[in-house]
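Remarks on the structure that follows.
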Amino acid sequence: MPPTASGEQWSLRRGEQAAVVVELGGGLRAYSVGGRSLLDGFAEDEPVTGGRGQLLVPWPNRVAGGRYPFGGGELQLPLTEPENGNAIHGLLRWVPWRLLARAEESVTVGTTLFPQPGYPFRLEVTAEYRLGPDGLETTVTAGNPGDAAAPYGVGQHPYLTVGTELVDDALLTVPARLRLDADEHGVPIGEAPVEGTAYDFRTARPIGEQHLDTAFTGLDRDSAGDCAVRLAHPSGDRGVDVRLLRGVEYVQVYTGDTLSEPGRRRRGVAIEPMSCPADAFRSGTALTVLRPGDGHVFRWALAPWGAW
């Protein structure tokens, strides 16, 4: 691989916090506090695998069969998850993003999504990463400069770690009342309450040997409308919150059991904020329709706490 397999590397720093954003896909490669990584990310000379840190635009997760109705017709996306017959995680993961603004504590990158087979719409997309006193905040903004409405969803795919060798001992809290049932292809087939099931993480508990590749919704929010998914060290004295701030209605939790690299499995927990669930292009569930001139803002944050 070339010295930087993900292109240009843009570093941010504030006090003991440090982060790296990459040109390839505008993704988040690394985030650390006091020299201790909170992401199971990737090195400069490594290719991106498992969706690590990637931005998922203009849809997160899967579109079953890659085929969906819109605007009175049927559109067919390339099948980028051929083993399940799905289109997965959007169209901007493998394109270069350009640097728009940079400061010591922040960087803004952007790209244009041009019309293409299966998605004949144009979008302008930016992502701002900013280190603040409470952690790293990411804001993804999309606008439709075209003359036709466009279906839209967004998510991001960070893998978190709290320093355990595997995720089994880490304590997980997901303040959600519902989970999505999925078929063998990872496509939702309905919602179910988490209460009384193995998917109830509303109170912190170890992940154990449980395999998760599960979307949650019915999020419990505070008076400001925010919600936080928490991953904590088994000691309970430190951890990181994934704060769901704006435009986030679903969160996918994935323990990495099916990753193509066996050595990376269950090393980190992917906690993926999403504006809509898998297959929203087909179901219409929480789907955003960006009309000409419309914009959409999606904001989430990593908030470390405790003795790092």
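Following the order of the structure tokens, chains are lettered A, B, ..., residues in each are numbered from 1, and ligands are numbered from 1.
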*Which residues come within 6 Å of A:Asn144, counting only C-alpha atoms, excluding same-chain residues fewer than 4 positions away, as a list in words?*
Leu123, Pro292, Gly293 and Asp294 of chain A
Residues as selected, N, CA and C atoms, written as an mmCIF file, in the first residue's frame, can you do that?
```
data_model
loop_
_atom_site.group_PDB
_atom_site.id
_atom_site.type_symbol
_atom_site.label_atom_id
_atom_site.label_comp_id
_atom_site.auth_asym_id
_atom_site.auth_seq_id
_atom_site.Cartn_x
_atom_site.Cartn_y
_atom_site.Cartn_z
ATOM 1 N N LEU A 123 -25.828 16.310 -5.045
ATOM 2 C CA LEU A 123 -25.794 16.852 -3.693
ATOM 3 C C LEU A 123 -24.435 17.489 -3.430
ATOM 4 N N PRO A 292 -35.339 20.723 -4.206
ATOM 5 C CA PRO A 292 -34.371 21.705 -4.686
ATOM 6 C C PRO A 292 -34.226 22.877 -3.709
ATOM 7 N N GLY A 293 -32.990 23.144 -3.334
ATOM 8 C CA GLY A 293 -32.711 24.217 -2.389
ATOM 9 C C GLY A 293 -32.743 23.801 -0.938
ATOM 10 N N ASP A 294 -33.216 22.584 -0.640
ATOM 11 C CA ASP A 294 -33.280 22.110 0.742
ATOM 12 C C ASP A 294 -31.892 21.714 1.256
#
```
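For A:Leu302, the list of residues within 6 Å, based on only C-alpha atoms and with local chain neighbours fewer than 6 positions off taken out, reads Gly135, Leu136, Asp241 and Val242 of chain A.
Proximity to A:Tyr119 was assessed for A:Pro145, A:Phe281, A:Gln54, A:Tyr159 counting only C-alpha atoms; the smallest distance is recorded for A:Phe281.
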_Can you tell me, as a ChimeraX atom specification, which residues in stretch 132-244 of chain A count as strand (DSSP E or B) by DSSP?_
/A:132,135-143,150-152,155-157,159-160,171-173,176-182,188-193,205-206,213-219,227-232,238-244
List as a compact mmCIF listing (two decimals) with N, CA, C and O atoms, in the first residue's frame the protein and nucleic acid residues near stretch 8-25 of chain A, meaning an atom at most 9 Å away when only C-alpha atoms are counted, but skip any in the same chain fewer than 5 places from it.
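The resulting part_9.txt:
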```txt
# COMPACT_ATOMS: atom_id res chain seq x y z
N ALA A 30 -8.77 8.44 13.47
CA ALA A 30 -8.28 8.26 14.83
C ALA A 30 -8.84 9.34 15.74
O ALA A 30 -9.11 10.46 15.31
N TYR A 31 -9.01 8.98 17.01
CA TYR A 31 -9.37 9.94 18.06
C TYR A 31 -8.81 9.41 19.37
O TYR A 31 -9.05 8.24 19.72
N SER A 32 -8.06 10.23 20.07
CA SER A 32 -7.42 9.80 21.31
C SER A 32 -7.48 10.90 22.35
O SER A 32 -7.63 12.09 22.03
N VAL A 33 -7.36 10.48 23.60
CA VAL A 33 -7.28 11.41 24.73
C VAL A 33 -6.09 10.98 25.58
O VAL A 33 -6.01 9.81 26.00
N GLY A 34 -5.17 11.90 25.82
CA GLY A 34 -4.00 11.58 26.62
C GLY A 34 -3.19 10.45 26.04
O GLY A 34 -2.56 9.69 26.78
N GLY A 35 -3.19 10.32 24.70
CA GLY A 35 -2.43 9.27 24.05
C GLY A 35 -3.12 7.91 24.02
O GLY A 35 -2.57 6.96 23.46
N GLU A 44 -2.10 5.00 8.94
CA GLU A 44 -1.96 5.72 7.68
C GLU A 44 -1.72 4.78 6.50
O GLU A 44 -2.20 5.03 5.39
N VAL A 48 -8.83 1.13 4.44
CA VAL A 48 -10.02 1.18 5.29
C VAL A 48 -10.80 -0.10 5.11
O VAL A 48 -11.14 -0.48 3.98
N GLN A 54 -16.13 5.72 8.46
CA GLN A 54 -16.59 6.27 7.19
C GLN A 54 -17.92 7.01 7.32
O GLN A 54 -18.77 6.68 8.16
N LEU A 55 -18.08 8.00 6.45
CA LEU A 55 -19.35 8.71 6.31
C LEU A 55 -20.23 7.96 5.32
O LEU A 55 -19.77 7.53 4.26
N LEU A 56 -21.50 7.81 5.67
CA LEU A 56 -22.45 6.99 4.91
C LEU A 56 -23.49 7.90 4.28
O LEU A 56 -24.49 8.26 4.90
N LEU A 92 -20.26 7.67 -1.19
CA LEU A 92 -19.15 8.61 -1.02
C LEU A 92 -18.01 8.07 -0.17
O LEU A 92 -17.09 8.82 0.18
N ARG A 93 -18.01 6.78 0.15
CA ARG A 93 -16.96 6.23 1.01
C ARG A 93 -15.61 6.15 0.31
O ARG A 93 -14.57 6.22 0.96
N TRP A 94 -15.62 5.98 -1.00
CA TRP A 94 -14.39 5.68 -1.74
C TRP A 94 -14.01 6.79 -2.72
O TRP A 94 -13.28 6.55 -3.67
N VAL A 95 -14.50 7.99 -2.47
CA VAL A 95 -14.13 9.13 -3.31
C VAL A 95 -13.33 10.12 -2.45
O VAL A 95 -13.51 10.19 -1.23
N PRO A 96 -12.43 10.90 -3.07
CA PRO A 96 -11.69 11.89 -2.30
C PRO A 96 -12.57 13.08 -1.92
O PRO A 96 -13.38 13.54 -2.73
N TRP A 97 -12.41 13.54 -0.72
CA TRP A 97 -13.05 14.76 -0.24
C TRP A 97 -11.99 15.86 -0.22
O TRP A 97 -10.82 15.60 0.07
N ARG A 98 -12.39 17.10 -0.47
CA ARG A 98 -11.44 18.20 -0.52
C ARG A 98 -11.47 18.99 0.79
O ARG A 98 -12.50 19.08 1.46
N LEU A 99 -10.34 19.56 1.12
CA LEU A 99 -10.23 20.39 2.31
C LEU A 99 -10.86 21.74 2.05
O LEU A 99 -10.51 22.43 1.09
N ARG A 102 -9.47 24.77 7.70
CA ARG A 102 -8.67 24.05 8.68
C ARG A 102 -8.15 25.00 9.74
O ARG A 102 -7.71 26.11 9.45
N ALA A 103 -8.24 24.56 10.99
CA ALA A 103 -7.66 25.26 12.13
C ALA A 103 -7.07 24.19 13.04
O ALA A 103 -7.21 22.98 12.79
N GLU A 104 -6.40 24.60 14.11
CA GLU A 104 -5.78 23.62 14.99
C GLU A 104 -6.80 22.66 15.58
O GLU A 104 -6.52 21.46 15.73
N GLU A 105 -7.99 23.15 15.89
CA GLU A 105 -8.99 22.34 16.58
C GLU A 105 -10.10 21.86 15.67
O GLU A 105 -11.01 21.17 16.15
N SER A 106 -10.07 22.19 14.39
CA SER A 106 -11.19 21.81 13.52
C SER A 106 -10.73 21.65 12.08
O SER A 106 -9.71 22.21 11.66
N VAL A 107 -11.50 20.89 11.33
CA VAL A 107 -11.29 20.75 9.90
C VAL A 107 -12.65 20.54 9.24
O VAL A 107 -13.54 19.88 9.81
N VAL A 109 -14.31 19.35 5.51
CA VAL A 109 -14.06 18.74 4.21
C VAL A 109 -15.38 18.66 3.45
O VAL A 109 -16.46 18.72 4.05
N THR A 111 -17.43 17.41 -0.58
CA THR A 111 -17.40 16.78 -1.90
C THR A 111 -18.74 17.00 -2.59
O THR A 111 -19.72 17.41 -1.96
N TYR A 129 -15.41 18.54 11.51
CA TYR A 129 -14.97 17.87 12.72
C TYR A 129 -14.37 18.94 13.63
O TYR A 129 -13.47 19.67 13.20
N ARG A 130 -14.82 19.00 14.88
CA ARG A 130 -14.36 20.06 15.78
C ARG A 130 -14.13 19.51 17.18
O ARG A 130 -15.02 18.89 17.77
N LEU A 131 -12.93 19.74 17.69
CA LEU A 131 -12.61 19.39 19.07
C LEU A 131 -13.03 20.53 19.98
O LEU A 131 -12.70 21.70 19.73
N GLY A 132 -13.76 20.19 21.04
CA GLY A 132 -14.20 21.17 22.01
C GLY A 132 -13.91 20.67 23.41
O GLY A 132 -13.32 19.60 23.61
N PRO A 133 -14.33 21.41 24.42
CA PRO A 133 -14.05 21.01 25.80
C PRO A 133 -14.66 19.67 26.18
O PRO A 133 -14.16 19.00 27.09
N GLY A 135 -15.29 17.09 23.85
CA GLY A 135 -14.95 16.00 22.96
C GLY A 135 -14.93 16.42 21.51
O GLY A 135 -14.70 17.59 21.18
N LEU A 136 -15.19 15.46 20.63
CA LEU A 136 -15.14 15.66 19.18
C LEU A 136 -16.55 15.67 18.61
O LEU A 136 -17.28 14.69 18.74
```
Given only C-alpha atoms, how would the per-residue table for stretch 120-154 of chain A near stretch 61-71 of chain A read, listing every residue at most 12 Å away with its closest atom pair and distance in Å to one decimal, sorted by chain and number, as JSON lines?
```
{"residue": "A:Pro120", "atom": "CA", "partner": "A:Phe70", "partner_atom": "CA", "distance": 10.8}
{"residue": "A:Phe121", "atom": "CA", "partner": "A:Phe70", "partner_atom": "CA", "distance": 11.5}
{"residue": "A:Ala148", "atom": "CA", "partner": "A:Gly71", "partner_atom": "CA", "distance": 9.1}
{"residue": "A:Ala149", "atom": "CA", "partner": "A:Gly71", "partner_atom": "CA", "distance": 8.1}
{"residue": "A:Ala150", "atom": "CA", "partner": "A:Phe70", "partner_atom": "CA", "distance": 8.5}
{"residue": "A:Pro151", "atom": "CA", "partner": "A:Phe70", "partner_atom": "CA", "distance": 7.8}
{"residue": "A:Tyr152", "atom": "CA", "partner": "A:Phe70", "partner_atom": "CA", "distance": 11.4}
{"residue": "A:Gly153", "atom": "CA", "partner": "A:Asn61", "partner_atom": "CA", "distance": 9.6}
{"residue": "A:Val154", "atom": "CA", "partner": "A:Asn61", "partner_atom": "CA", "distance": 9.1}
```
Residues of stretch 134-204 of chain A that have any atom at most 9 Å from an atom of stretch 245-255 of chain A: could you tabulate them with the shortest-distance atom pair and the distance in Å to one decimal, using only C-alpha atoms, ordered by chain and increasing number, as a tab-separated table?
```
residue	atom	partner	partner_atom	distance
A:Thr139	CA	A:Arg246	CA	8.9
A:Val154	CA	A:Val248	CA	8.8
A:Gly155	CA	A:Val248	CA	8.3
A:His157	CA	A:Gln252	CA	8.9
A:Tyr159	CA	A:Tyr254	CA	8.6
A:Val167	CA	A:Thr255	CA	7.3
A:Val174	CA	A:Val251	CA	8.9
```
*asked:* List as a list in words the protein and nucleic acid residues near A:Ala192, meaning an atom at most 12 Å away when only C-alpha atoms are counted, but skip any in the same chain fewer than 2 places from it.
replied: Ala176, Arg177, Leu178, Arg179, Leu180, Asp181, Ala182, Pro188, Ile189, Gly190, Val194, Glu195, Gly196, Thr197, Ala198, Tyr199, Asp200, Thr214, Ala215, Phe216, Thr217 and Gly218 of chain A
Go ahead and save the residues from that selection, with C-alpha atoms, as a PDB file, in the first residue's frame.
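The resulting part.pdb:
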```
ATOM      1  CA  ALA A 176     -33.589   2.879  23.370  1.00  0.00           C
ATOM      2  CA  ARG A 177     -36.995   1.260  23.808  1.00  0.00           C
ATOM      3  CA  LEU A 178     -37.125  -0.506  20.442  1.00  0.00           C
ATOM      4  CA  ARG A 179     -34.901  -2.574  18.216  1.00  0.00           C
ATOM      5  CA  LEU A 180     -35.319  -3.519  14.586  1.00  0.00           C
ATOM      6  CA  ASP A 181     -35.732  -7.167  13.671  1.00  0.00           C
ATOM      7  CA  ALA A 182     -33.808  -8.030  10.509  1.00  0.00           C
ATOM      8  CA  PRO A 188     -35.415  -4.719   8.706  1.00  0.00           C
ATOM      9  CA  ILE A 189     -38.670  -6.642   8.897  1.00  0.00           C
ATOM     10  CA  GLY A 190     -40.224  -4.932  11.920  1.00  0.00           C
ATOM     11  CA  VAL A 194     -36.272  -4.403  24.007  1.00  0.00           C
ATOM     12  CA  GLU A 195     -37.811  -4.825  27.455  1.00  0.00           C
ATOM     13  CA  GLY A 196     -37.279  -8.326  28.807  1.00  0.00           C
ATOM     14  CA  THR A 197     -34.967  -9.356  25.962  1.00  0.00           C
ATOM     15  CA  ALA A 198     -31.235  -9.788  25.464  1.00  0.00           C
ATOM     16  CA  TYR A 199     -31.266  -6.484  23.572  1.00  0.00           C
ATOM     17  CA  ASP A 200     -32.218  -4.386  26.589  1.00  0.00           C
ATOM     18  CA  THR A 214     -28.709  -4.366  15.663  1.00  0.00           C
ATOM     19  CA  ALA A 215     -30.463  -1.067  14.994  1.00  0.00           C
ATOM     20  CA  PHE A 216     -32.185   0.682  17.887  1.00  0.00           C
ATOM     21  CA  THR A 217     -34.774   3.461  17.936  1.00  0.00           C
ATOM     22  CA  GLY A 218     -37.348   4.896  20.334  1.00  0.00           C
TER      23      GLY A 218
END
```
*Could you state the separation of atom CA of A:Asp213 and atom CA of A:Glu137 in Å, given to one decimal place?*
24.3 Å
*Could you name the residues that touch A:Leu166 at 12 Å or less, counting only C-alpha atoms, but leaving out those on the same chain fewer than 3 positions away, as number ranges by chain?*
A: 40, 160-163, 169-171, 206-209, 233-234, 255-257, 263-269
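Proximity to A:Gly186 was assessed for A:Asn86, A:Thr288, A:Thr49, A:Gln76 counting only C-alpha atoms; the smallest distance is recorded for A:Asn86.
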*asked:* I'd like to know which of A:Gly143, A:Gly72, A:Pro78, A:Gly7 is closest to A:Gln116, using only C-alpha atoms.
replied: A:Pro78
_For A:Phe298, the nearest of the candidates A:Pro115, A:Gly53, A:Pro175, A:Pro273, counting only C-alpha atoms_ = A:Pro273
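The space separating atom CA of A:Thr141 from atom CA of A:Gly26 comes to 12.7 Å.
The spacing separating atom CA of A:Asp147 from atom CA of A:Gly295 amounts to 13.6 Å.
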_Please return, as a list in words, all residues of stretch 68-307 of chain A that DSSP assigns to alpha helix (DSSP H) on the basis of the backbone._
Ala280, Phe281, Arg282 and Ser283 of chain A
Could those residues be written to a file, using all heavy atoms, as a short mmCIF file (atom, residue, chain, number, x, y, z; two decimals), in the first residue's frame?
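Once written, result.cif looks like this:
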```cif
data_model
loop_
_atom_site.label_atom_id
_atom_site.label_comp_id
_atom_site.auth_asym_id
_atom_site.auth_seq_id
_atom_site.Cartn_x
_atom_site.Cartn_y
_atom_site.Cartn_z
N ALA A 280 -34.34 2.34 4.08
CA ALA A 280 -35.26 3.48 4.10
C ALA A 280 -35.63 3.94 2.69
O ALA A 280 -36.72 4.48 2.48
CB ALA A 280 -34.64 4.64 4.88
N PHE A 281 -34.74 3.74 1.71
CA PHE A 281 -35.07 4.12 0.34
C PHE A 281 -36.27 3.33 -0.17
O PHE A 281 -37.02 3.80 -1.02
CB PHE A 281 -33.87 3.88 -0.58
CG PHE A 281 -32.90 5.02 -0.67
CD1 PHE A 281 -32.79 5.95 0.35
CD2 PHE A 281 -32.08 5.17 -1.77
CE1 PHE A 281 -31.89 6.99 0.28
CE2 PHE A 281 -31.18 6.22 -1.87
CZ PHE A 281 -31.08 7.13 -0.84
N ARG A 282 -36.45 2.11 0.34
CA ARG A 282 -37.58 1.29 -0.08
C ARG A 282 -38.79 1.47 0.83
O ARG A 282 -39.93 1.55 0.38
CB ARG A 282 -37.17 -0.19 -0.11
CG ARG A 282 -36.25 -0.54 -1.26
CD ARG A 282 -35.54 -1.86 -1.05
NE ARG A 282 -36.44 -2.92 -0.61
CZ ARG A 282 -37.14 -3.71 -1.41
NH1 ARG A 282 -37.06 -3.53 -2.72
NH2 ARG A 282 -37.90 -4.66 -0.92
N SER A 283 -38.56 1.52 2.15
CA SER A 283 -39.68 1.58 3.10
C SER A 283 -40.19 3.00 3.32
O SER A 283 -41.35 3.19 3.71
CB SER A 283 -39.24 1.02 4.45
OG SER A 283 -38.28 1.88 5.07
#
```
